[in-house]
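Asker: This is structure01.txt (compact mmCIF, C-alpha atoms and all ligand atoms).
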# COMPACT_ATOMS: atom_id res chain seq x y z
CA MET Z 1 -78.03 119.65 70.60
CA GLU Z 2 -74.74 121.45 71.23
CA ILE Z 3 -75.51 121.58 75.00
CA LEU Z 4 -76.36 117.86 75.02
CA THR Z 5 -73.07 117.00 73.27
CA THR Z 6 -71.08 119.13 75.78
CA VAL Z 7 -72.82 117.51 78.77
CA LEU Z 8 -72.23 114.06 77.28
CA SER Z 9 -68.53 114.77 76.59
CA VAL Z 10 -67.99 116.11 80.15
CA THR Z 11 -69.72 113.01 81.58
CA VAL Z 12 -67.62 110.63 79.47
CA ILE Z 13 -64.39 112.43 80.43
CA SER Z 14 -65.37 112.39 84.15
CA VAL Z 15 -66.17 108.65 84.05
CA PHE Z 16 -62.88 108.02 82.24
CA LEU Z 17 -60.89 110.00 84.86
CA ALA Z 18 -62.69 108.23 87.72
CA LEU Z 19 -61.80 104.86 86.16
CA ILE Z 20 -58.13 105.90 85.90
CA ILE Z 21 -58.16 106.87 89.61
CA ILE Z 22 -59.77 103.54 90.62
CA VAL Z 23 -57.23 101.54 88.54
CA ALA Z 24 -54.31 103.63 89.91
CA GLU Z 25 -55.58 103.18 93.48
CA TYR Z 26 -55.77 99.44 92.89
CA PHE Z 27 -52.17 99.20 91.62
CA PHE Z 28 -50.49 101.82 93.80
CA ASN Z 29 -52.35 101.01 97.03
CA ASN Z 30 -52.10 97.30 96.62
CA TYR Z 31 -49.18 96.57 98.89
CA GLY Z 32 -49.91 92.85 99.14
CA GLU Z 33 -49.01 90.81 102.20
CA CYS Z 34 -46.74 92.54 104.73
CA GLU Z 35 -45.19 91.31 107.95
CA ILE Z 36 -45.49 93.09 111.31
CA ASP Z 37 -42.68 92.08 113.64
CA ILE Z 38 -43.66 92.84 117.26
CA ASN Z 39 -41.17 93.18 120.14
CA ASN Z 40 -38.10 91.89 118.32
CA GLY Z 41 -39.64 88.75 116.89
CA ASP Z 42 -41.87 87.80 119.90
CA LYS Z 43 -44.84 87.87 117.55
CA LYS Z 44 -45.00 88.04 113.74
CA LEU Z 45 -48.22 88.85 111.91
CA LYS Z 46 -48.94 88.48 108.21
CA VAL Z 47 -51.37 91.22 107.20
CA GLU Z 48 -52.76 92.82 104.06
CA GLY Z 49 -51.02 96.18 103.46
CA GLY Z 50 -52.85 99.43 102.74
CA SER Z 51 -54.44 100.27 106.11
CA SER Z 52 -53.17 102.20 109.09
CA LEU Z 53 -51.04 100.43 111.68
CA LEU Z 54 -53.71 101.25 114.30
CA SER Z 55 -56.61 99.64 112.42
CA THR Z 56 -54.50 96.72 111.20
CA LEU Z 57 -53.49 95.88 114.78
CA SER Z 58 -57.05 96.25 116.00
CA GLY Z 59 -58.11 93.80 113.25
CA GLN Z 60 -55.64 91.38 114.89
CA LYS Z 61 -57.22 92.04 118.34
CA ILE Z 62 -54.26 94.13 119.49
CA PHE Z 63 -55.77 97.34 120.85
CA ILE Z 64 -53.65 100.50 121.00
CA PRO Z 65 -54.94 103.48 123.05
CA SER Z 66 -56.88 105.96 120.96
CA ALA Z 67 -59.51 108.54 121.82
CA CYS Z 68 -60.10 110.28 118.49
CA GLY Z 69 -60.79 107.25 116.32
CA GLY Z 70 -57.63 107.71 114.25
CA LYS Z 71 -58.07 111.41 113.34
CA ALA Z 72 -54.63 112.43 114.69
CA THR Z 73 -56.19 114.70 117.29
CA CYS Z 74 -55.60 112.83 120.58
CA GLY Z 75 -51.96 111.72 120.32
CA LEU Z 76 -52.66 108.60 122.38
CA CYS Z 77 -51.72 105.98 119.78
CA LYS Z 78 -47.94 106.44 120.04
CA LEU Z 79 -45.85 103.36 119.32
CA GLN Z 80 -42.16 102.76 118.68
CA VAL Z 81 -41.73 101.84 115.01
CA LEU Z 82 -38.18 100.62 114.48
CA GLU Z 83 -38.38 100.00 110.73
CA GLY Z 84 -40.72 100.40 107.78
CA ALA Z 85 -42.82 103.43 108.80
CA GLY Z 86 -41.78 105.92 106.10
CA PRO Z 87 -41.19 109.61 106.82
CA LEU Z 88 -42.83 111.43 109.77
CA LEU Z 89 -46.05 113.18 108.67
CA PRO Z 90 -46.93 116.79 109.58
CA THR Z 91 -50.05 115.44 111.34
CA GLU Z 92 -47.81 113.55 113.80
CA GLU Z 93 -45.39 116.35 114.61
CA PRO Z 94 -47.44 118.19 117.27
CA TYR Z 95 -47.72 115.03 119.39
CA LEU Z 96 -44.11 113.84 119.39
CA SER Z 97 -41.36 115.34 121.55
CA GLN Z 98 -37.75 115.53 120.32
CA ASP Z 99 -36.94 112.53 122.52
CA GLU Z 100 -39.81 110.50 121.11
CA ARG Z 101 -38.82 111.33 117.53
CA LYS Z 102 -35.24 110.27 118.27
CA ASN Z 103 -36.57 106.97 119.62
CA ASN Z 104 -38.73 106.37 116.53
CA TYR Z 105 -42.11 106.93 118.15
CA ARG Z 106 -44.95 107.41 115.67
CA LEU Z 107 -48.73 107.81 115.74
CA ALA Z 108 -50.07 104.37 114.85
CA CYS Z 109 -53.13 105.92 113.19
CA GLN Z 110 -50.94 107.88 110.76
CA VAL Z 111 -48.52 105.11 109.76
CA LYS Z 112 -49.80 103.20 106.75
CA ILE Z 113 -48.63 99.62 106.26
CA LYS Z 114 -46.94 99.52 102.86
CA ASN Z 115 -44.16 97.00 103.53
CA ASN Z 116 -42.71 94.88 106.34
CA ILE Z 117 -42.57 96.82 109.58
CA ARG Z 118 -40.93 96.34 113.01
CA ILE Z 119 -42.71 97.73 116.07
CA MET Z 120 -42.56 97.59 119.87
CA ILE Z 121 -45.76 97.19 121.92
CA PRO Z 122 -45.71 97.56 125.74
CA GLU Z 123 -46.69 94.24 127.39
CA GLU Z 124 -49.67 95.72 129.26
CA LEU Z 125 -51.41 96.56 125.99
CA PHE Z 126 -51.80 92.84 125.28
CA ASN Z 127 -54.25 92.69 128.25
CA ILE Z 128 -56.67 95.00 126.49
CA LYS Z 129 -59.77 93.12 125.38
CA GLU Z 130 -63.00 93.74 123.54
CA TYR Z 131 -66.33 93.10 125.30
CA ILE Z 132 -69.88 93.00 123.97
CA THR Z 133 -71.82 94.47 126.88
CA THR Z 134 -75.51 94.90 127.59
CA ILE Z 135 -76.82 98.20 128.93
CA GLU Z 136 -78.14 97.44 132.43
CA SER Z 137 -79.26 100.98 133.24
CA ILE Z 138 -79.22 104.53 131.90
CA GLU Z 139 -79.58 107.44 134.33
CA GLN Z 140 -80.22 111.07 133.34
CA LEU Z 141 -77.77 112.85 135.67
CA THR Z 142 -78.14 116.42 134.37
CA HIS Z 143 -79.75 118.09 131.33
CA ASP Z 144 -76.77 116.93 129.18
CA ILE Z 145 -75.09 114.13 131.14
CA LYS Z 146 -76.16 110.49 131.31
CA GLY Z 147 -74.75 107.63 133.36
CA PHE Z 148 -74.55 104.20 131.69
CA ARG Z 149 -74.00 100.87 133.41
CA LEU Z 150 -72.79 98.25 130.93
CA LYS Z 151 -72.94 94.60 132.01
CA LEU Z 152 -70.21 92.29 130.69
CA PRO Z 153 -71.22 88.89 129.23
CA ALA Z 154 -71.91 86.22 131.89
CA GLY Z 155 -68.70 84.80 133.32
CA GLU Z 156 -66.47 87.64 132.02
CA SER Z 157 -64.75 90.28 134.10
CA VAL Z 158 -62.45 93.21 133.41
CA SER Z 159 -59.38 94.11 135.42
CA PHE Z 160 -58.78 97.88 135.54
CA LYS Z 161 -57.15 100.54 137.69
CA ALA Z 162 -59.37 103.25 139.16
CA GLY Z 163 -59.00 106.24 136.81
CA GLN Z 164 -58.49 104.33 133.53
CA TYR Z 165 -60.78 104.54 130.52
CA MET Z 166 -62.52 102.29 127.95
CA GLN Z 167 -63.19 102.82 124.29
CA PHE Z 168 -66.87 102.90 123.39
CA HIS Z 169 -67.82 101.79 119.86
CA THR Z 170 -70.88 103.12 118.04
CA LYS Z 171 -72.89 101.53 115.22
CA PRO Z 172 -73.90 103.46 112.09
CA TYR Z 173 -77.04 105.54 112.74
CA ALA Z 174 -79.07 108.30 111.03
CA LYS Z 175 -76.66 110.09 108.64
CA ILE Z 176 -73.56 108.54 110.25
CA LYS Z 177 -72.57 105.72 107.94
CA GLU Z 178 -69.64 104.25 109.82
CA SER Z 179 -68.79 103.05 113.32
CA VAL Z 180 -66.59 105.28 115.44
CA TYR Z 181 -65.06 104.88 118.88
CA ARG Z 182 -64.24 107.33 121.64
CA ALA Z 183 -62.64 107.19 125.09
CA TYR Z 184 -64.77 107.29 128.27
CA SER Z 185 -63.39 107.08 131.79
CA ILE Z 186 -64.59 104.28 134.02
CA ALA Z 187 -66.69 105.60 136.92
CA ASN Z 188 -67.12 102.47 139.05
CA VAL Z 189 -64.77 100.83 141.52
CA PRO Z 190 -62.37 98.13 140.17
CA SER Z 191 -63.83 95.42 142.48
CA ASP Z 192 -67.16 95.84 140.62
CA ASN Z 193 -65.47 94.08 137.71
CA GLU Z 194 -68.41 92.50 135.90
CA ALA Z 195 -69.72 95.86 134.72
CA ILE Z 196 -68.43 99.20 133.48
CA GLU Z 197 -70.05 102.50 134.43
CA LEU Z 198 -69.56 105.53 132.18
CA ILE Z 199 -70.63 109.16 132.55
CA ILE Z 200 -71.17 110.71 129.12
CA ARG Z 201 -71.84 114.38 128.41
CA GLN Z 202 -73.63 115.13 125.15
CA VAL Z 203 -71.44 117.25 122.85
CA PRO Z 204 -73.66 119.16 120.37
CA ASP Z 205 -73.42 117.29 117.02
CA GLY Z 206 -70.85 114.88 118.51
CA ILE Z 207 -71.06 111.52 116.76
CA CYS Z 208 -70.52 109.21 119.73
CA THR Z 209 -72.28 111.25 122.41
CA THR Z 210 -75.35 111.79 120.21
CA TYR Z 211 -75.40 108.04 119.57
CA ALA Z 212 -75.14 107.25 123.28
CA HIS Z 213 -77.75 109.83 124.28
CA THR Z 214 -80.34 109.33 121.52
CA GLN Z 215 -79.94 105.83 120.09
CA LEU Z 216 -79.37 103.61 123.12
CA SER Z 217 -81.85 102.09 125.57
CA GLU Z 218 -81.57 99.64 128.43
CA GLY Z 219 -81.02 96.11 127.09
CA ASP Z 220 -79.11 97.28 123.99
CA GLN Z 221 -75.65 95.93 123.23
CA VAL Z 222 -72.51 98.08 123.17
CA LYS Z 223 -69.00 97.05 122.14
CA ILE Z 224 -66.28 98.42 124.40
CA SER Z 225 -62.54 97.75 124.64
CA GLY Z 226 -59.94 98.45 127.27
CA PRO Z 227 -58.81 99.27 129.85
CA TYR Z 228 -56.43 102.03 128.76
CA GLY Z 229 -54.59 104.96 130.28
CA ASP Z 230 -52.11 106.05 132.89
CA PHE Z 231 -54.43 108.26 134.95
CA PHE Z 232 -54.60 106.33 138.22
CA LEU Z 233 -53.72 106.81 141.88
CA ARG Z 234 -50.00 106.98 142.70
CA GLY Z 235 -50.68 107.68 146.39
CA ASP Z 236 -47.10 108.57 147.25
CA CYS Z 237 -48.29 111.27 149.68
CA SER Z 238 -50.54 111.86 152.69
CA GLU Z 239 -53.22 113.94 150.97
CA ILE Z 240 -54.64 114.38 147.46
CA VAL Z 241 -56.49 117.19 145.72
CA MET Z 242 -58.97 116.04 143.09
CA ILE Z 243 -60.59 118.55 140.74
CA ALA Z 244 -63.24 117.79 138.12
CA GLY Z 245 -65.78 119.53 135.94
CA GLY Z 246 -68.78 118.01 134.11
CA SER Z 247 -68.31 114.38 133.06
CA GLY Z 248 -64.71 114.63 134.36
CA MET Z 249 -66.18 113.36 137.63
CA ALA Z 250 -66.10 109.78 136.24
CA PRO Z 251 -62.48 108.68 136.92
CA ILE Z 252 -62.35 110.71 140.16
CA ARG Z 253 -65.40 108.83 141.47
CA SER Z 254 -63.65 105.54 140.72
CA ILE Z 255 -60.50 106.65 142.58
CA ILE Z 256 -62.48 107.89 145.61
CA LEU Z 257 -64.46 104.65 145.87
CA TYR Z 258 -61.25 102.63 145.51
CA VAL Z 259 -59.43 104.51 148.31
CA LEU Z 260 -62.42 104.20 150.63
CA GLU Z 261 -62.99 100.51 149.86
CA LYS Z 262 -59.32 99.59 150.35
CA GLY Z 263 -59.03 101.72 153.49
CA ILE Z 264 -55.97 103.49 152.03
CA ASP Z 265 -54.62 106.01 154.52
CA ILE Z 266 -54.85 109.15 152.34
CA LYS Z 267 -56.87 112.31 152.92
CA MET Z 268 -58.97 113.21 149.87
CA ASN Z 269 -60.32 116.64 148.87
CA PHE Z 270 -62.71 116.58 145.92
CA PHE Z 271 -63.50 119.92 144.24
CA PHE Z 272 -66.33 119.66 141.71
CA GLY Z 273 -66.94 122.72 139.55
CA ALA Z 274 -70.07 123.63 137.59
CA VAL Z 275 -71.73 126.78 136.25
CA THR Z 276 -75.21 126.55 137.77
CA LYS Z 277 -77.04 124.02 139.92
CA LYS Z 278 -78.50 122.31 136.86
CA ASP Z 279 -74.95 121.16 135.94
CA LEU Z 280 -74.38 119.42 139.28
CA TYR Z 281 -75.05 115.74 139.96
CA TYR Z 282 -74.27 113.07 142.58
CA LEU Z 283 -74.37 115.86 145.21
CA GLU Z 284 -76.18 113.83 147.87
CA TYR Z 285 -74.08 110.79 147.04
CA PHE Z 286 -70.76 112.56 147.72
CA HIS Z 287 -72.07 114.55 150.72
CA ASP Z 288 -73.18 111.23 152.21
CA LEU Z 289 -69.73 109.67 151.59
CA ALA Z 290 -68.08 112.69 153.22
CA GLU Z 291 -70.29 112.32 156.30
CA ARG Z 292 -69.36 108.68 156.66
CA HIS Z 293 -65.59 108.98 156.02
CA ASP Z 294 -63.31 111.35 157.95
CA ASN Z 295 -60.63 111.24 155.25
CA PHE Z 296 -62.97 112.47 152.47
CA ARG Z 297 -63.96 116.10 151.93
CA PHE Z 298 -66.36 117.17 149.14
CA ILE Z 299 -66.45 120.77 147.92
CA PRO Z 300 -68.86 121.47 145.05
CA ALA Z 301 -68.71 125.02 143.64
CA LEU Z 302 -70.75 127.07 141.18
CA SER Z 303 -69.14 129.75 139.02
CA LYS Z 304 -72.43 131.55 138.17
CA PRO Z 305 -75.27 130.31 140.39
CA ALA Z 306 -78.72 131.32 139.13
CA PRO Z 307 -80.97 133.24 141.59
CA GLU Z 308 -83.41 130.30 141.68
CA ASP Z 309 -80.54 127.95 142.66
CA ASN Z 310 -80.62 129.27 146.26
CA TRP Z 311 -77.01 128.06 146.38
CA GLU Z 312 -75.35 128.28 149.76
CA GLY Z 313 -72.13 126.48 148.80
CA GLU Z 314 -68.88 127.80 147.37
CA VAL Z 315 -69.06 130.37 144.56
CA GLY Z 316 -66.35 131.19 142.02
CA LEU Z 317 -64.16 129.55 139.42
CA ILE Z 318 -62.94 126.19 140.68
CA THR Z 319 -59.37 127.53 140.68
CA GLU Z 320 -60.40 130.32 143.09
CA VAL Z 321 -62.09 127.81 145.39
CA VAL Z 322 -59.05 125.49 145.37
CA GLU Z 323 -56.86 128.50 146.13
CA ARG Z 324 -59.01 129.26 149.21
CA TYR Z 325 -58.98 125.69 150.57
CA VAL Z 326 -55.49 124.32 149.87
CA ASN Z 327 -52.68 125.64 152.06
CA ASP Z 328 -49.45 123.66 152.13
CA GLY Z 329 -49.32 121.22 149.19
CA SER Z 330 -45.82 119.94 149.89
CA ASP Z 331 -47.04 116.39 150.72
CA MET Z 332 -49.92 116.32 148.23
CA GLU Z 333 -50.64 115.00 144.73
CA GLY Z 334 -53.18 116.43 142.28
CA TYR Z 335 -55.70 114.47 140.16
CA LEU Z 336 -57.54 116.54 137.57
CA CYS Z 337 -60.15 115.74 134.96
CA GLY Z 338 -62.01 118.18 132.74
CA SER Z 339 -61.51 120.63 129.89
CA PRO Z 340 -57.95 121.55 128.81
CA GLY Z 341 -58.53 125.18 129.93
CA MET Z 342 -59.64 124.14 133.41
CA ILE Z 343 -56.78 121.69 133.81
CA ASN Z 344 -54.09 124.18 132.73
CA ALA Z 345 -55.44 126.78 135.15
CA CYS Z 346 -55.57 124.23 137.99
CA ILE Z 347 -51.99 123.09 137.34
CA ASN Z 348 -50.86 126.71 137.87
CA VAL Z 349 -52.81 127.08 141.11
CA LEU Z 350 -51.54 123.75 142.50
CA ASP Z 351 -47.97 124.72 141.59
CA LYS Z 352 -48.38 127.94 143.61
CA LYS Z 353 -49.58 125.83 146.55
CA GLY Z 354 -46.47 123.63 146.43
CA ILE Z 355 -47.69 120.74 144.25
CA PRO Z 356 -45.35 120.69 141.22
CA GLU Z 357 -46.66 119.56 137.83
CA ALA Z 358 -44.70 116.29 138.15
CA LYS Z 359 -47.06 115.36 141.02
CA VAL Z 360 -50.21 116.36 139.16
CA TYR Z 361 -51.94 113.69 137.05
CA TYR Z 362 -54.72 114.49 134.61
CA ASP Z 363 -56.95 113.45 131.71
CA LYS Z 364 -57.97 116.38 129.51
CA PHE Z 365 -61.19 116.17 127.52
C1 LIG Z 401 -58.82 109.77 128.13
C2 LIG Z 401 -60.18 110.36 127.82
C3 LIG Z 401 -61.25 110.08 128.64
C4 LIG Z 401 -62.49 110.65 128.36
N1 LIG Z 401 -63.54 110.41 129.22
C5 LIG Z 401 -64.74 110.98 129.00
C6 LIG Z 401 -65.82 110.79 129.93
O1 LIG Z 401 -65.71 110.08 130.94
N2 LIG Z 401 -67.00 111.39 129.63
C7 LIG Z 401 -67.18 112.19 128.54
O2 LIG Z 401 -68.29 112.71 128.35
N3 LIG Z 401 -66.17 112.39 127.65
C8 LIG Z 401 -64.97 111.79 127.84
N4 LIG Z 401 -63.95 111.98 126.93
C9 LIG Z 401 -64.23 112.70 125.66
C10 LIG Z 401 -64.76 111.69 124.60
O3 LIG Z 401 -63.72 110.77 124.27
C11 LIG Z 401 -65.19 112.37 123.29
O4 LIG Z 401 -64.13 113.14 122.77
C12 LIG Z 401 -66.40 113.28 123.46
O5 LIG Z 401 -67.43 112.56 124.10
C13 LIG Z 401 -66.91 113.78 122.11
O6 LIG Z 401 -67.19 112.68 121.27
P1 LIG Z 401 -68.22 112.79 120.04
O7 LIG Z 401 -67.98 111.62 119.15
O8 LIG Z 401 -69.60 112.96 120.55
O9 LIG Z 401 -67.79 114.14 119.34
P2 LIG Z 401 -67.01 114.28 117.94
O10 LIG Z 401 -67.89 113.78 116.85
O11 LIG Z 401 -65.67 113.66 118.10
O12 LIG Z 401 -66.84 115.84 117.85
C14 LIG Z 401 -67.83 116.68 117.33
C15 LIG Z 401 -67.45 118.12 117.40
O13 LIG Z 401 -67.43 118.55 118.76
C16 LIG Z 401 -66.12 119.02 119.13
N5 LIG Z 401 -65.86 118.43 120.44
C17 LIG Z 401 -65.33 117.22 120.70
N6 LIG Z 401 -65.25 117.02 122.04
C18 LIG Z 401 -65.77 118.14 122.61
C19 LIG Z 401 -65.97 118.53 123.95
N7 LIG Z 401 -65.64 117.72 124.97
N8 LIG Z 401 -66.55 119.75 124.18
C20 LIG Z 401 -66.89 120.55 123.16
N9 LIG Z 401 -66.71 120.22 121.86
C21 LIG Z 401 -66.15 119.05 121.60
C22 LIG Z 401 -65.17 118.50 118.11
O14 LIG Z 401 -64.09 119.39 117.92
C23 LIG Z 401 -66.06 118.41 116.87
O15 LIG Z 401 -66.12 119.65 116.21
C24 LIG Z 401 -62.69 111.45 127.20
C25 LIG Z 401 -61.59 111.70 126.37
C26 LIG Z 401 -60.35 111.19 126.67
C27 LIG Z 401 -59.20 111.52 125.78
S1 LIG Z 402 -55.75 107.66 117.42
FE1 LIG Z 402 -55.80 109.72 118.10
S2 LIG Z 402 -53.95 110.48 117.34
FE2 LIG Z 402 -53.92 108.47 116.65
Could you spell out this file's structure in structure tokens?
Answerer:
Amino acid sequence: MEILTTVLSVTVISVFLALIIIVAEYFFNNYGECEIDINNGDKKLKVEGGSSLLSTLSGQKIFIPSACGGKATCGLCKLQVLEGAGPLLPTEEPYLSQDERKNNYRLACQVKIKNNIRIMIPEELFNIKEYITTIESIEQLTHDIKGFRLKLPAGESVSFKAGQYMQFHTKPYAKIKESVYRAYSIANVPSDNEAIELIIRQVPDGICTTYAHTQLSEGDQVKISGPYGDFFLRGDCSEIVMIAGGSGMAPIRSIILYVLEKGIDIKMNFFFGAVTKKDLYYLEYFHDLAERHDNFRFIPALSKPAPEDNWEGEVGLITEVVERYVNDGSDMEGYLCGSPGMINACINVLDKKGIPEAKVYYDKF
């Protein structure tokens, strides 16, 4: 009896405390209608307070770059907030330089709308749109990489620069109860503007990549938005060095196809690094392009070829291979896409070869 009374009392107290929290949340988090002033009065939105600036804007079909889904781990959602943002949060600090802090830049995913707010949005972000696409094809490229071709609705097209990325939205599945979105670089050429091709590597237990690899089939619908990003060809040089690992090939492929299609007078060297042969893909495709175009050179390399690979190509870390091939980089630019470790190491090597970091462009993922 005594045990029953204790359990009952604890339950009643817990329910009571939970009710207090719900009531407090309702009163303290109920910020009512707030106004977002965009670009000094160019646009004024009336919105319900209480959500992040990032999600509130996306609810108004204004899409701000984001790769982490609002978890404050990508730093891409920076916006200038002139008034009404509240104090800078510790989660924002790692992503904002002194200059950006001085100019009131904030992470839109970390700023909660609690009152009227004044923000600046670069014009080009208003061109970002949402598309409901249909999966035209799925190709197994390696044991953990798939290629997806997503067809836009009839009559729609997307205007993007080779090298940019789209956001890919999932639906709830299995134990994942909410939708998430992640960034994926566009792998096709901009003139092929009625479809988007993505190259997605499965990350163990990754929400979006597991969704893409295990839940999707040809004919299914996928929501994407974009284009985003400032990784694209500058071409202010006579030769470029492109280095990629794994699914980092995606934006590089788009840039190569763009240069070849437009007949741009630039020599291209594409270094593609993998561990063993089972991690390589599109080998024949790029070798064939190199045979047909004098200005394109393709150098795949394996860091640890397996005996059964019978690999006769380059061996070593991709940085070692680049070091062997590139001589005078004084009139070159670098375009890199892959893991942060690989990119940092490549920046050092290119610097030694005469390509300063200011002329090296990259997307780390
Ligand atoms: C600009 C940009 C472009 C990108 N383009 C591509 C692309 O073309 N193809 C592509 O495959 N990916 C690309 N990415 C990465 C992609 O956005 C996702 O971060 C990645 O696919 C993991 O998503 P997820 O939801 O499956 O994993 P999450 O659920 O976000 O993460 C699950 C766990 O895995 C860890 N994790 C996350 N990413 C990785 C990783 N890459 N390797 C190892 N562990 C990881 C996390 O720390 C977490 O613990 C790009 C990222 C950026 C910023
Ligand atoms: S959305 Fe990634 S840091 Fe804000």
Asker: Calculate how many Å separate atom O4 of ligand LIG 401 (chain Z) from atom CA of Z:Ser179, rounding to one decimal.
Answerer: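 Atom O4 of ligand LIG 401 (chain Z) sits 14.6 Å away from atom CA of Z:Ser179.
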Asker: Of the candidates Z:Asn30, Z:Asn310, Z:Ser254, Z:Gln202, which shows the shortest atom-to-atom distance to Z:Lys114, using all atoms listed in the file?
Answerer: Z:Asn30
Asker: Kindly provide, as a ChimeraX atom specification, all nucleotide and amino acid residues lying within 7 Å of ligand LIG 402 (chain Z), counting all atoms listed in the file.
Answerer: /Z:66-77,107-110
Asker: As a PyMOL selection string, please: every protein or nucleic acid residue near ligand LIG 401 (chain Z) (cut-off 8 Å, counting all atoms listed in the file).
Answerer: chain Z and resi 66-68+74+76+145+164-167+180-187+198-211+229+246-251+339+363-365
Asker: Separation of atom CA of Z:Pro190 and atom CA of Z:Pro122, in Å?
Answerer: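 Taking atom CA of Z:Pro190 as the start and atom CA of Z:Pro122 as the end point, the length is 22.0 Å.
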Asker: Distance cut-off 8 Å, centre (-51.7, 102.2, 108.2) in file coordinates, counting only C-alpha atoms: which residues qualify? Return them as a list in words.
Answerer: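 Protein and nucleic acid residues near the point are Gly49, Gly50, Ser51, Ser52, Leu53, Leu54, Ser55, Thr56, Ala108, Cys109, Gln110, Val111, Lys112, Ile113 and Lys114 of chain Z.
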Asker: For Z:Phe63, which residue among Z:Val315, Z:Ile224, Z:Leu141, Z:Ala174 is the nearest when counting all atoms listed in the file?
Answerer: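 Of Z:Val315, Z:Ile224, Z:Leu141, Z:Ala174, the one nearest Z:Phe63 is Z:Ile224, counting all atoms listed in the file.
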Asker: What does the structure give for the distance between atom CA of Z:Lys352 and atom CA of Z:Ile266, in Å to one decimal?
Answerer: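 We find that atom CA of Z:Lys352 and atom CA of Z:Ile266 lie 21.7 Å from each other.
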Asker: Near stretch 278-284 of chain Z, within 7 Å and counting only C-alpha atoms, which residues show up once chain neighbours fewer than 4 positions away are dropped, as a PyMOL selection string?
Answerer: chain Z and resi 141-142+274+288
Asker: Neighbours of Z:Leu317 within 9 Å (all atoms listed in the file; same-chain residues fewer than 3 positions away dropped), as a PDB file with C-alpha atoms, in the coordinates of the input?
Answerer:
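Output (selection.pdb):
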ATOM      1  CA  GLY Z 273     -66.940 122.720 139.550  1.00  0.00           C
ATOM      2  CA  ALA Z 274     -70.070 123.630 137.590  1.00  0.00           C
ATOM      3  CA  VAL Z 275     -71.730 126.780 136.250  1.00  0.00           C
ATOM      4  CA  ALA Z 301     -68.710 125.020 143.640  1.00  0.00           C
ATOM      5  CA  LEU Z 302     -70.750 127.070 141.180  1.00  0.00           C
ATOM      6  CA  SER Z 303     -69.140 129.750 139.020  1.00  0.00           C
ATOM      7  CA  LYS Z 304     -72.430 131.550 138.170  1.00  0.00           C
ATOM      8  CA  GLU Z 320     -60.400 130.320 143.090  1.00  0.00           C
ATOM      9  CA  VAL Z 321     -62.090 127.810 145.390  1.00  0.00           C
ATOM     10  CA  VAL Z 322     -59.050 125.490 145.370  1.00  0.00           C
TER      11      VAL Z 322
END
Asker: Do a neighbour search on Z:Ile347 at 8 Å with only C-alpha atoms, toss out local chain neighbours closer than 3 positions, and write the hits as an mmCIF file with C-alpha atoms, in the coordinates of the input.
Answerer:
data_model
loop_
_atom_site.group_PDB
_atom_site.id
_atom_site.type_symbol
_atom_site.label_atom_id
_atom_site.label_comp_id
_atom_site.auth_asym_id
_atom_site.auth_seq_id
_atom_site.Cartn_x
_atom_site.Cartn_y
_atom_site.Cartn_z
ATOM 1 C CA ILE Z 343 -56.780 121.690 133.810
ATOM 2 C CA ASN Z 344 -54.090 124.180 132.730
ATOM 3 C CA LEU Z 350 -51.540 123.750 142.500
ATOM 4 C CA ASP Z 351 -47.970 124.720 141.590
ATOM 5 C CA GLU Z 357 -46.660 119.560 137.830
ATOM 6 C CA VAL Z 360 -50.210 116.360 139.160
#
Asker: Of the candidates Z:Asp294, Z:Glu123, Z:Asp220, Z:Glu178, which one gets nearest to Z:Ser137 if we count all atoms listed in the file?
Answerer: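 Residue with the minimum atom-to-atom distance to Z:Ser137: Z:Asp220.
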Asker: Z:Asp99, Z:Glu83, Z:Glu136, Z:Glu130: which is nearest Z:Lys223, counting only C-alpha atoms?
Answerer: Z:Glu130
Asker: Show me, as AutoDock Vina command-line options, the centre and edge lengths in Å to one decimal of the axis-aligned box that covers every listed atom of stretch 45-64 of chain Z with 4 Å on each side.
Answerer:
--center_x -53.2 --center_y 95.3 --center_z 111.9 --size_x 17.9 --size_y 21.7 --size_z 26.3
Asker: Using only C-alpha atoms, which residue out of Z:Asn348, Z:Pro227, Z:Cys337, Z:Gly86 lies closest to Z:Gly245?
Answerer: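 Going through Z:Asn348, Z:Pro227, Z:Cys337, Z:Gly86 one by one, the smallest distance to Z:Gly245 is for Z:Cys337.
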Asker: Z:Ile318, Z:Ala345, Z:Ile38, Z:Ile255: which is nearest Z:Val189, counting all atoms listed in the file?
Answerer: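 That would be Z:Ile255, the residue with the smallest distance to Z:Val189.
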Asker: Which residues are near Z:Ser157? Cut-off 7 Å, all atoms listed in the file, ignore same chain within fewer than 5 positions. Put them as a list in words.
Answerer: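 Non-adjacent residues within range: Leu152, Asn193 and Glu194 of chain Z.
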Asker: Put those residues in a file: C-alpha atoms, as an mmCIF file, in the coordinates of the input.
Answerer:
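Output saved as out-v6.cif:
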data_model
loop_
_atom_site.group_PDB
_atom_site.id
_atom_site.type_symbol
_atom_site.label_atom_id
_atom_site.label_comp_id
_atom_site.auth_asym_id
_atom_site.auth_seq_id
_atom_site.Cartn_x
_atom_site.Cartn_y
_atom_site.Cartn_z
ATOM 1 C CA LEU Z 152 -70.210 92.290 130.690
ATOM 2 C CA ASN Z 193 -65.470 94.080 137.710
ATOM 3 C CA GLU Z 194 -68.410 92.500 135.900
#
